[in-house]
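What follows is one structure encoded as structure tokens, with my remarks underneath.
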Amino acid sequence: MKRIFLIVLDSFGIGAMENASDYGDSGANTLESVVKSPYFSMPNMAKLGLFHMDGVTCAERSGQPRAVIARLQEASKGKDTTIGHWEIAGIYSPKPLPTYPEGFPAEVIEAFERQTGRGVLCNRPYSGTEVIRDYGQEHIQTGKLIVYTSADSVFQIAAHEEVVPVEELYRYCQIARQILQGEHGVGRVIARPFVGKEGNYERTSRRHDYSLVPPCKTMLDVMQEAGYATIGVGKIRDIFAGRGISEYVYTQNNADGIARTLEYMDREFEGLCFVNLVDFDSKYGHRNDVDGYAKALAEFDRSLPKIMEKLREEDILMITADHGCDPGYTVSTDHTREYVPFLMYGSSLTPRNLGTRKTFADVAATVLQYFQICPDGLVRGESML
């Protein structure tokens, strides 16, 4: 019974791509920044071969890699969660999703206000924690919704749970998702509920993402059509707008995501368990918190032996990322255009270094070949088996 556990360490880049300057990210390197923290500790990832990858020079190499390793280059035009995960699943995106550095145009905001019956505050790029600090009290007094964006293709709606019940906030996000199509088809509409009093507002774990439907079939669709399980852990279901997912579970944080993954490893199924661990990005990368990022990586690394112990004879563990978000890159708090690591471990695999690959879609090609599924030209990548 074949199973693949594909874990995405959200935003764990390993160095700026050659065209990073086109995205304003020259010199960004998430791994290099966190290695400098006294809290950085990834001995298990090191044994698998993290520091043997092309371009990784921030730590000494010792021994031989225990996994198949590669450095993945993003072929698509973008550096966000949606495009990154879509490419991992086999989709090439030739155009970046729309962004709004000056805020959303009047026709979008007016349609949103009309259909929700609520006014809008902010409507410009903003830090998620700072926007509730600066607009939270006015939101509570007026009932207006805090709408903001970032350098990513996102329409985010923040609301206090005592002012706007979470289910109502989700409904507003669905309205926004229907409005934001075509030329204004942002990658994600995100519900950002928060609680607390003025001066001490705090975002809750009941975030919910509403993504664009993928423009074509992904490896998830093909696997599901072939009768295999396609399990999403974390925000995977949201990223693919529910398509191609046979079963899913949302998670509250990285620790919860790891725990749910371990539970699935004890389950009987044949197919793919696709996991996103988001804290690296949302809690630390975007907040320029180098030490927090390093601690989160160390936490994941400590879980690796248990994950590897649970692998069965025909199981494969894959670890990768979807983009960078260098917490030490003080030019901004946005995602960074970086190469990402790829590690593949299993009893049937011979450790080797595959150098630098041309696209994240090599992951999808590898998954489909392992399950002997012919993609019929669907997936642009090449298998790494």
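Naming scheme: A, B, ... for chains in displayed order of the structure tokens; residues 1 onward per chain; ligands 1 onward as shown.
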Find the residues of range 341-382 of chain A that sit at most 12 Å from range 255-278 of chain A; for each, write down the nearest two atoms and how far apart they are in Å, to one decimal. Count only C-alpha atoms. Sort by chain, then by number going up, and give it as CSV.
residue,atom,partner,partner_atom,distance
A:Val363,CA,A:Phe274,CA,11.7
A:Ala364,CA,A:Leu272,CA,10.9
A:Thr366,CA,A:Leu272,CA,11.9
A:Val367,CA,A:Leu272,CA,8.2
A:Leu368,CA,A:Leu272,CA,10.0
A:Tyr370,CA,A:Gly271,CA,9.9
A:Phe371,CA,A:Gly271,CA,7.8
A:Gln372,CA,A:Gly271,CA,11.4
A:Ile373,CA,A:Gly271,CA,11.5
Got time to write the residues from that selection, all heavy atoms, as a compact mmCIF listing (two decimals), in the first residue's frame?
# COMPACT_ATOMS: atom_id res chain seq x y z
N VAL A 363 7.79 17.95 -8.37
CA VAL A 363 7.18 17.23 -7.24
C VAL A 363 5.94 16.47 -7.72
O VAL A 363 5.77 15.28 -7.43
CB VAL A 363 6.82 18.20 -6.10
CG1 VAL A 363 6.15 17.43 -4.95
CG2 VAL A 363 8.06 18.93 -5.60
N ALA A 364 5.07 17.16 -8.45
CA ALA A 364 3.85 16.51 -8.95
C ALA A 364 4.18 15.35 -9.88
O ALA A 364 3.57 14.27 -9.79
CB ALA A 364 2.99 17.54 -9.70
N THR A 366 6.78 13.50 -9.84
CA THR A 366 7.31 12.42 -9.02
C THR A 366 6.19 11.66 -8.31
O THR A 366 6.17 10.42 -8.29
CB THR A 366 8.30 12.99 -7.98
OG1 THR A 366 9.31 13.75 -8.65
CG2 THR A 366 8.95 11.88 -7.18
N VAL A 367 5.25 12.42 -7.74
CA VAL A 367 4.12 11.79 -7.04
C VAL A 367 3.34 10.90 -8.01
O VAL A 367 3.02 9.74 -7.71
CB VAL A 367 3.20 12.87 -6.43
CG1 VAL A 367 1.90 12.24 -5.93
CG2 VAL A 367 3.91 13.59 -5.29
N LEU A 368 3.03 11.44 -9.18
CA LEU A 368 2.22 10.68 -10.14
C LEU A 368 2.96 9.44 -10.65
O LEU A 368 2.35 8.38 -10.82
CB LEU A 368 1.79 11.57 -11.30
CG LEU A 368 0.83 12.71 -10.94
CD1 LEU A 368 0.46 13.51 -12.18
CD2 LEU A 368 -0.43 12.19 -10.26
N TYR A 370 5.12 7.71 -8.99
CA TYR A 370 5.16 6.71 -7.93
C TYR A 370 3.87 5.90 -7.89
O TYR A 370 3.90 4.69 -7.61
CB TYR A 370 5.40 7.38 -6.57
CG TYR A 370 5.67 6.39 -5.47
CD1 TYR A 370 6.78 5.56 -5.52
CD2 TYR A 370 4.81 6.26 -4.38
CE1 TYR A 370 7.04 4.63 -4.52
CE2 TYR A 370 5.06 5.34 -3.38
CZ TYR A 370 6.17 4.53 -3.45
OH TYR A 370 6.42 3.61 -2.47
N PHE A 371 2.75 6.54 -8.20
CA PHE A 371 1.47 5.84 -8.21
C PHE A 371 1.12 5.31 -9.61
O PHE A 371 0.00 4.87 -9.84
CB PHE A 371 0.36 6.75 -7.68
CG PHE A 371 0.47 7.02 -6.21
CD1 PHE A 371 0.98 8.22 -5.74
CD2 PHE A 371 0.09 6.07 -5.28
CE1 PHE A 371 1.11 8.48 -4.39
CE2 PHE A 371 0.21 6.30 -3.92
CZ PHE A 371 0.72 7.51 -3.47
N GLN A 372 2.09 5.38 -10.51
CA GLN A 372 1.94 4.86 -11.88
C GLN A 372 0.72 5.46 -12.58
O GLN A 372 -0.05 4.77 -13.24
CB GLN A 372 1.87 3.33 -11.86
CG GLN A 372 3.13 2.69 -11.30
CD GLN A 372 3.07 1.18 -11.30
OE1 GLN A 372 2.03 0.58 -11.04
NE2 GLN A 372 4.20 0.55 -11.61
N ILE A 373 0.59 6.78 -12.42
CA ILE A 373 -0.49 7.51 -13.07
C ILE A 373 0.10 8.33 -14.21
O ILE A 373 1.06 9.09 -14.01
CB ILE A 373 -1.20 8.46 -12.09
CG1 ILE A 373 -1.83 7.67 -10.92
CG2 ILE A 373 -2.28 9.28 -12.79
CD1 ILE A 373 -2.38 8.55 -9.82
Nearby residues (only C-alpha atoms) at most 9 Å from Arg302 in chain A, same-chain spacing under 4 positions excluded, as a compact mmCIF listing (two decimals) with N, CA, C and O atoms, in the first residue's frame:
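Output (part18.txt):
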# COMPACT_ATOMS: atom_id res chain seq x y z
N SER A 41 18.24 25.01 15.22
CA SER A 41 18.75 23.66 15.43
C SER A 41 17.99 22.70 14.53
O SER A 41 16.81 22.44 14.76
N MET A 42 18.65 22.20 13.49
CA MET A 42 18.00 21.26 12.57
C MET A 42 18.94 20.08 12.25
O MET A 42 19.26 19.80 11.09
N PRO A 43 19.36 19.36 13.27
CA PRO A 43 20.30 18.24 13.03
C PRO A 43 19.70 17.14 12.17
O PRO A 43 20.43 16.49 11.39
N ASN A 44 18.40 16.92 12.27
CA ASN A 44 17.79 15.84 11.49
C ASN A 44 17.65 16.21 10.02
O ASN A 44 17.89 15.38 9.13
N LEU A 297 11.35 26.12 13.27
CA LEU A 297 12.08 25.11 12.50
C LEU A 297 12.66 24.03 13.41
O LEU A 297 12.64 22.84 13.08
N ALA A 298 13.17 24.45 14.56
CA ALA A 298 13.71 23.47 15.51
C ALA A 298 12.61 22.54 16.01
O ALA A 298 12.84 21.33 16.19
N LYS A 306 10.17 10.99 14.81
CA LYS A 306 8.91 10.28 15.02
C LYS A 306 8.17 10.08 13.70
O LYS A 306 7.59 9.02 13.45
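You can rank A:Pro165, A:Pro65, A:Gly15, A:Gly234 by their closest distance to Gln252 in chain A using only C-alpha atoms, and at the top of that list sits A:Gly234.
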As a tab-separated table (two decimals) with N, CA and C atoms, in the first residue's frame, list the residues of range 27-248 of chain A assigned to alpha helix (DSSP H) by DSSP on the backbone atoms of this structure.
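Below is the file result-v7.tsv, written as the result:
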chain	number	residue	atom	x	y	z
A	30	THR	N	16.10	33.07	3.36
A	30	THR	CA	15.43	32.71	4.62
A	30	THR	C	16.30	31.81	5.48
A	31	LEU	N	16.86	30.75	4.87
A	31	LEU	CA	17.68	29.81	5.65
A	31	LEU	C	18.90	30.51	6.24
A	32	GLU	N	19.57	31.32	5.46
A	32	GLU	CA	20.77	32.00	5.95
A	32	GLU	C	20.46	32.92	7.12
A	33	SER	N	19.29	33.57	7.09
A	33	SER	CA	18.90	34.46	8.19
A	33	SER	C	18.64	33.69	9.47
A	34	VAL	N	17.92	32.57	9.37
A	34	VAL	CA	17.55	31.85	10.60
A	34	VAL	C	18.71	31.06	11.18
A	35	VAL	N	19.67	30.66	10.33
A	35	VAL	CA	20.84	29.94	10.84
A	35	VAL	C	21.60	30.78	11.85
A	43	PRO	N	19.36	19.36	13.27
A	43	PRO	CA	20.30	18.24	13.03
A	43	PRO	C	19.70	17.14	12.17
A	44	ASN	N	18.40	16.92	12.27
A	44	ASN	CA	17.79	15.84	11.49
A	44	ASN	C	17.65	16.21	10.02
A	45	MET	N	17.26	17.46	9.76
A	45	MET	CA	17.23	17.92	8.37
A	45	MET	C	18.65	17.95	7.79
A	46	ALA	N	19.63	18.27	8.62
A	46	ALA	CA	21.02	18.28	8.16
A	46	ALA	C	21.44	16.88	7.74
A	47	LYS	N	21.06	15.87	8.52
A	47	LYS	CA	21.41	14.49	8.18
A	47	LYS	C	20.75	14.06	6.87
A	48	LEU	N	19.54	14.54	6.62
A	48	LEU	CA	18.86	14.21	5.38
A	48	LEU	C	19.53	14.87	4.18
A	81	THR	N	1.67	31.94	-1.82
A	81	THR	CA	1.22	30.61	-1.42
A	81	THR	C	0.44	29.91	-2.52
A	82	THR	N	-0.49	30.62	-3.13
A	82	THR	CA	-1.35	29.98	-4.13
A	82	THR	C	-0.54	29.50	-5.32
A	83	ILE	N	0.22	30.39	-5.94
A	83	ILE	CA	0.99	30.00	-7.12
A	83	ILE	C	2.04	28.96	-6.77
A	84	GLY	N	2.66	29.07	-5.59
A	84	GLY	CA	3.66	28.09	-5.17
A	84	GLY	C	3.08	26.70	-5.03
A	85	HIS	N	1.95	26.59	-4.34
A	85	HIS	CA	1.32	25.28	-4.16
A	85	HIS	C	0.76	24.74	-5.48
A	86	TRP	N	0.20	25.63	-6.29
A	86	TRP	CA	-0.30	25.18	-7.59
A	86	TRP	C	0.83	24.59	-8.42
A	87	GLU	N	2.01	25.22	-8.38
A	87	GLU	CA	3.12	24.68	-9.16
A	87	GLU	C	3.61	23.35	-8.59
A	88	ILE	N	3.64	23.24	-7.28
A	88	ILE	CA	3.98	21.95	-6.65
A	88	ILE	C	3.04	20.87	-7.16
A	106	ALA	N	-12.31	51.57	-6.61
A	106	ALA	CA	-13.63	51.95	-6.08
A	106	ALA	C	-14.71	50.95	-6.46
A	107	GLU	N	-14.65	50.43	-7.70
A	107	GLU	CA	-15.73	49.52	-8.12
A	107	GLU	C	-15.76	48.24	-7.28
A	108	VAL	N	-14.59	47.80	-6.82
A	108	VAL	CA	-14.54	46.60	-5.96
A	108	VAL	C	-15.10	46.92	-4.58
A	109	ILE	N	-14.61	48.01	-3.97
A	109	ILE	CA	-15.03	48.36	-2.62
A	109	ILE	C	-16.52	48.72	-2.58
A	110	GLU	N	-16.99	49.47	-3.56
A	110	GLU	CA	-18.41	49.85	-3.59
A	110	GLU	C	-19.31	48.64	-3.72
A	111	ALA	N	-18.93	47.68	-4.56
A	111	ALA	CA	-19.72	46.46	-4.71
A	111	ALA	C	-19.71	45.66	-3.41
A	112	PHE	N	-18.56	45.61	-2.75
A	112	PHE	CA	-18.44	44.88	-1.49
A	112	PHE	C	-19.30	45.53	-0.41
A	113	GLU	N	-19.25	46.84	-0.30
A	113	GLU	CA	-20.05	47.55	0.72
A	113	GLU	C	-21.54	47.37	0.45
A	114	ARG	N	-21.92	47.43	-0.81
A	114	ARG	CA	-23.33	47.31	-1.17
A	114	ARG	C	-23.86	45.92	-0.83
A	115	GLN	N	-23.09	44.90	-1.12
A	115	GLN	CA	-23.57	43.53	-0.92
A	115	GLN	C	-23.47	43.06	0.53
A	116	THR	N	-22.57	43.64	1.31
A	116	THR	CA	-22.46	43.25	2.72
A	116	THR	C	-23.28	44.15	3.63
A	128	GLY	N	-0.84	42.69	9.22
A	128	GLY	CA	-2.05	42.15	9.82
A	128	GLY	C	-2.20	42.48	11.30
A	129	THR	N	-1.09	42.53	12.03
A	129	THR	CA	-1.18	42.86	13.45
A	129	THR	C	-1.33	44.37	13.65
A	130	GLU	N	-0.67	45.16	12.79
A	130	GLU	CA	-0.75	46.61	12.93
A	130	GLU	C	-2.10	47.16	12.49
A	131	VAL	N	-2.74	46.51	11.53
A	131	VAL	CA	-4.01	47.04	11.03
A	131	VAL	C	-5.10	46.92	12.09
A	132	ILE	N	-5.09	45.86	12.89
A	132	ILE	CA	-6.12	45.78	13.94
A	132	ILE	C	-5.78	46.71	15.10
A	133	ARG	N	-4.49	46.95	15.30
A	133	ARG	CA	-4.08	47.93	16.32
A	133	ARG	C	-4.56	49.33	15.94
A	134	ASP	N	-4.41	49.69	14.66
A	134	ASP	CA	-4.70	51.04	14.22
A	134	ASP	C	-6.18	51.28	13.89
A	135	TYR	N	-6.88	50.24	13.49
A	135	TYR	CA	-8.28	50.41	13.07
A	135	TYR	C	-9.28	49.64	13.93
A	136	GLY	N	-8.78	48.86	14.89
A	136	GLY	CA	-9.67	48.01	15.67
A	136	GLY	C	-10.75	48.77	16.42
A	137	GLN	N	-10.39	49.87	17.07
A	137	GLN	CA	-11.37	50.60	17.86
A	137	GLN	C	-12.44	51.25	16.98
A	138	GLU	N	-12.02	51.82	15.85
A	138	GLU	CA	-13.00	52.42	14.94
A	138	GLU	C	-13.93	51.34	14.37
A	139	HIS	N	-13.38	50.18	14.10
A	139	HIS	CA	-14.21	49.05	13.64
A	139	HIS	C	-15.26	48.68	14.68
A	140	ILE	N	-14.86	48.62	15.94
A	140	ILE	CA	-15.80	48.26	17.01
A	140	ILE	C	-16.88	49.33	17.17
A	141	GLN	N	-16.51	50.58	17.04
A	141	GLN	CA	-17.46	51.68	17.22
A	141	GLN	C	-18.44	51.81	16.05
A	142	THR	N	-17.96	51.51	14.83
A	142	THR	CA	-18.79	51.75	13.64
A	142	THR	C	-19.36	50.49	13.00
A	166	VAL	N	-18.03	34.99	13.56
A	166	VAL	CA	-17.12	34.40	12.59
A	166	VAL	C	-17.85	33.87	11.36
A	167	GLU	N	-19.00	33.23	11.55
A	167	GLU	CA	-19.73	32.69	10.40
A	167	GLU	C	-20.19	33.82	9.48
A	168	GLU	N	-20.52	34.98	10.07
A	168	GLU	CA	-20.90	36.13	9.25
A	168	GLU	C	-19.69	36.67	8.49
A	169	LEU	N	-18.55	36.69	9.14
A	169	LEU	CA	-17.32	37.11	8.48
A	169	LEU	C	-17.01	36.19	7.30
A	170	TYR	N	-17.20	34.90	7.49
A	170	TYR	CA	-16.98	33.94	6.40
A	170	TYR	C	-17.93	34.24	5.23
A	171	ARG	N	-19.16	34.62	5.54
A	171	ARG	CA	-20.13	34.94	4.48
A	171	ARG	C	-19.67	36.18	3.71
A	172	TYR	N	-19.14	37.15	4.41
A	172	TYR	CA	-18.63	38.35	3.75
A	172	TYR	C	-17.46	37.98	2.82
A	173	CYS	N	-16.64	37.04	3.26
A	173	CYS	CA	-15.52	36.60	2.43
A	173	CYS	C	-16.01	35.90	1.16
A	174	GLN	N	-17.08	35.14	1.30
A	174	GLN	CA	-17.65	34.48	0.12
A	174	GLN	C	-18.20	35.51	-0.86
A	175	ILE	N	-18.78	36.59	-0.33
A	175	ILE	CA	-19.25	37.68	-1.20
A	175	ILE	C	-18.06	38.31	-1.92
A	176	ALA	N	-16.99	38.58	-1.18
A	176	ALA	CA	-15.80	39.17	-1.79
A	176	ALA	C	-15.22	38.25	-2.85
A	177	ARG	N	-15.23	36.95	-2.58
A	177	ARG	CA	-14.68	35.99	-3.53
A	177	ARG	C	-15.46	36.02	-4.85
A	178	GLN	N	-16.78	36.18	-4.76
A	178	GLN	CA	-17.61	36.26	-5.97
A	178	GLN	C	-17.34	37.54	-6.75
A	179	ILE	N	-17.05	38.63	-6.03
A	179	ILE	CA	-16.75	39.91	-6.68
A	179	ILE	C	-15.38	39.87	-7.35
A	219	MET	N	-2.33	17.51	-9.83
A	219	MET	CA	-2.07	16.11	-9.47
A	219	MET	C	-3.14	15.58	-8.52
A	220	LEU	N	-3.75	16.48	-7.73
A	220	LEU	CA	-4.81	16.06	-6.80
A	220	LEU	C	-6.03	15.55	-7.56
A	221	ASP	N	-6.44	16.28	-8.59
A	221	ASP	CA	-7.57	15.85	-9.41
A	221	ASP	C	-7.29	14.50	-10.06
A	222	VAL	N	-6.10	14.37	-10.63
A	222	VAL	CA	-5.74	13.15	-11.35
A	222	VAL	C	-5.69	11.96	-10.40
A	223	MET	N	-5.12	12.17	-9.23
A	223	MET	CA	-5.05	11.08	-8.25
A	223	MET	C	-6.44	10.67	-7.78
A	224	GLN	N	-7.29	11.67	-7.52
A	224	GLN	CA	-8.64	11.36	-7.06
A	224	GLN	C	-9.41	10.59	-8.12
A	225	GLU	N	-9.27	11.00	-9.38
A	225	GLU	CA	-9.94	10.30	-10.48
A	225	GLU	C	-9.45	8.87	-10.61
A	236	ILE	N	-4.43	23.32	2.99
A	236	ILE	CA	-4.35	22.73	1.65
A	236	ILE	C	-5.70	22.78	0.95
A	237	ARG	N	-6.77	22.44	1.64
A	237	ARG	CA	-8.09	22.45	1.00
A	237	ARG	C	-8.43	23.85	0.51
A	238	ASP	N	-8.13	24.86	1.31
A	238	ASP	CA	-8.44	26.23	0.91
A	238	ASP	C	-7.63	26.66	-0.31
A	239	ILE	N	-6.35	26.29	-0.34
A	239	ILE	CA	-5.47	26.71	-1.44
A	239	ILE	C	-5.99	26.19	-2.78
Practice prompt. Write down as an NGL selection string the residues of range 203-381 of chain A whose backbone DSSP state falls under strand (DSSP E or B).
Written response: :A and (203 or 208-211 or 229-233 or 247-249 or 271-277 or 315-320 or 324 or 336 or 338 or 340-345 or 352-357)
Fill in: Separation of CA of Pro351 in chain A from CA of Met318 in chain A, in Å and rounded to one decimal
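We find that CA of Pro351 in chain A and CA of Met318 in chain A lie 12.9 Å from each other.
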Practice prompt. Using CA of Ala151 in chain A and CA of Met53 in chain A as the two end points, give the distance in Å to one decimal.
Written response: 28.8 Å
Discussion item. Taking 5 positions as the minimum chain separation for residues in the same chain, which residues sit within 10 Å of Val56 in chain A when counting only C-alpha atoms? Answer as number ranges by chain.
Written reply: A: 14-15, 29, 31-32, 50-51, 61, 71, 341
Item to complete: Using only C-alpha atoms, determine which residues lie at most 9 Å from Thr149 in chain A, disregarding the query and same-chain residues fewer than 5 positions distant; provide the list as JSON, numbers by chain.
Response: {"A": [99, 100, 101, 103, 104, 123, 124, 125, 126, 127, 128, 154, 155, 156, 157]}
Once you have the residues from the selection above, write them out as a tab-separated table (two decimals), in the first residue's frame, restricted to N, CA, C and O atoms.
chain	number	residue	atom	x	y	z
A	99	THR	N	-2.09	42.36	-7.78
A	99	THR	CA	-1.82	42.94	-6.46
A	99	THR	C	-2.27	44.40	-6.47
A	99	THR	O	-2.43	45.01	-7.53
A	100	TYR	N	-2.41	44.97	-5.27
A	100	TYR	CA	-3.00	46.31	-5.15
A	100	TYR	C	-2.21	47.18	-4.18
A	100	TYR	O	-2.65	47.42	-3.05
A	101	PRO	N	-1.05	47.66	-4.62
A	101	PRO	CA	-0.22	48.49	-3.73
A	101	PRO	C	-0.86	49.81	-3.34
A	101	PRO	O	-0.45	50.42	-2.35
A	103	GLY	N	-4.26	49.96	-2.85
A	103	GLY	CA	-5.59	49.59	-2.37
A	103	GLY	C	-6.48	49.16	-3.52
A	103	GLY	O	-6.15	49.34	-4.69
A	104	PHE	N	-7.64	48.62	-3.19
A	104	PHE	CA	-8.55	48.11	-4.21
A	104	PHE	C	-9.34	49.26	-4.85
A	104	PHE	O	-9.68	50.24	-4.18
A	123	ASN	N	-8.33	49.82	3.50
A	123	ASN	CA	-8.18	49.56	2.07
A	123	ASN	C	-6.82	49.98	1.53
A	123	ASN	O	-6.70	50.78	0.60
A	124	ARG	N	-5.79	49.43	2.10
A	124	ARG	CA	-4.43	49.61	1.58
A	124	ARG	C	-3.53	48.53	2.15
A	124	ARG	O	-3.93	47.81	3.08
A	125	PRO	N	-2.34	48.36	1.62
A	125	PRO	CA	-1.42	47.36	2.18
A	125	PRO	C	-1.10	47.67	3.64
A	125	PRO	O	-0.87	48.82	3.98
A	126	TYR	N	-1.10	46.61	4.46
A	126	TYR	CA	-0.89	46.82	5.89
A	126	TYR	C	-0.44	45.52	6.54
A	126	TYR	O	-0.78	44.42	6.08
A	127	SER	N	0.31	45.63	7.61
A	127	SER	CA	0.62	44.46	8.44
A	127	SER	C	-0.64	43.99	9.14
A	127	SER	O	-1.43	44.81	9.65
A	128	GLY	N	-0.84	42.69	9.22
A	128	GLY	CA	-2.05	42.15	9.82
A	128	GLY	C	-2.20	42.48	11.30
A	128	GLY	O	-3.32	42.69	11.78
A	154	VAL	N	-3.92	39.26	-2.24
A	154	VAL	CA	-4.88	38.91	-1.20
A	154	VAL	C	-5.83	40.07	-0.91
A	154	VAL	O	-5.46	41.24	-1.01
A	155	PHE	N	-7.06	39.72	-0.55
A	155	PHE	CA	-8.07	40.65	-0.06
A	155	PHE	C	-8.41	40.15	1.33
A	155	PHE	O	-9.04	39.09	1.49
A	156	GLN	N	-7.95	40.85	2.37
A	156	GLN	CA	-8.11	40.37	3.74
A	156	GLN	C	-9.16	41.19	4.48
A	156	GLN	O	-9.19	42.42	4.35
A	157	ILE	N	-9.99	40.52	5.24
A	157	ILE	CA	-11.06	41.17	5.99
A	157	ILE	C	-10.88	40.83	7.47
A	157	ILE	O	-10.98	39.66	7.87
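For the atom pair formed by CA of Glu162 in chain A and CA of Ile146 in chain A, the distance is 14.4 Å, given to one decimal.
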Discussion item. Quick one: residues within 12 Å of Arg287 in chain A, only C-alpha atoms, excluding same-chain residues fewer than 6 positions away - as a PyMOL selection string?
Written reply: chain A and resi 126-130+279-281+293+325-335
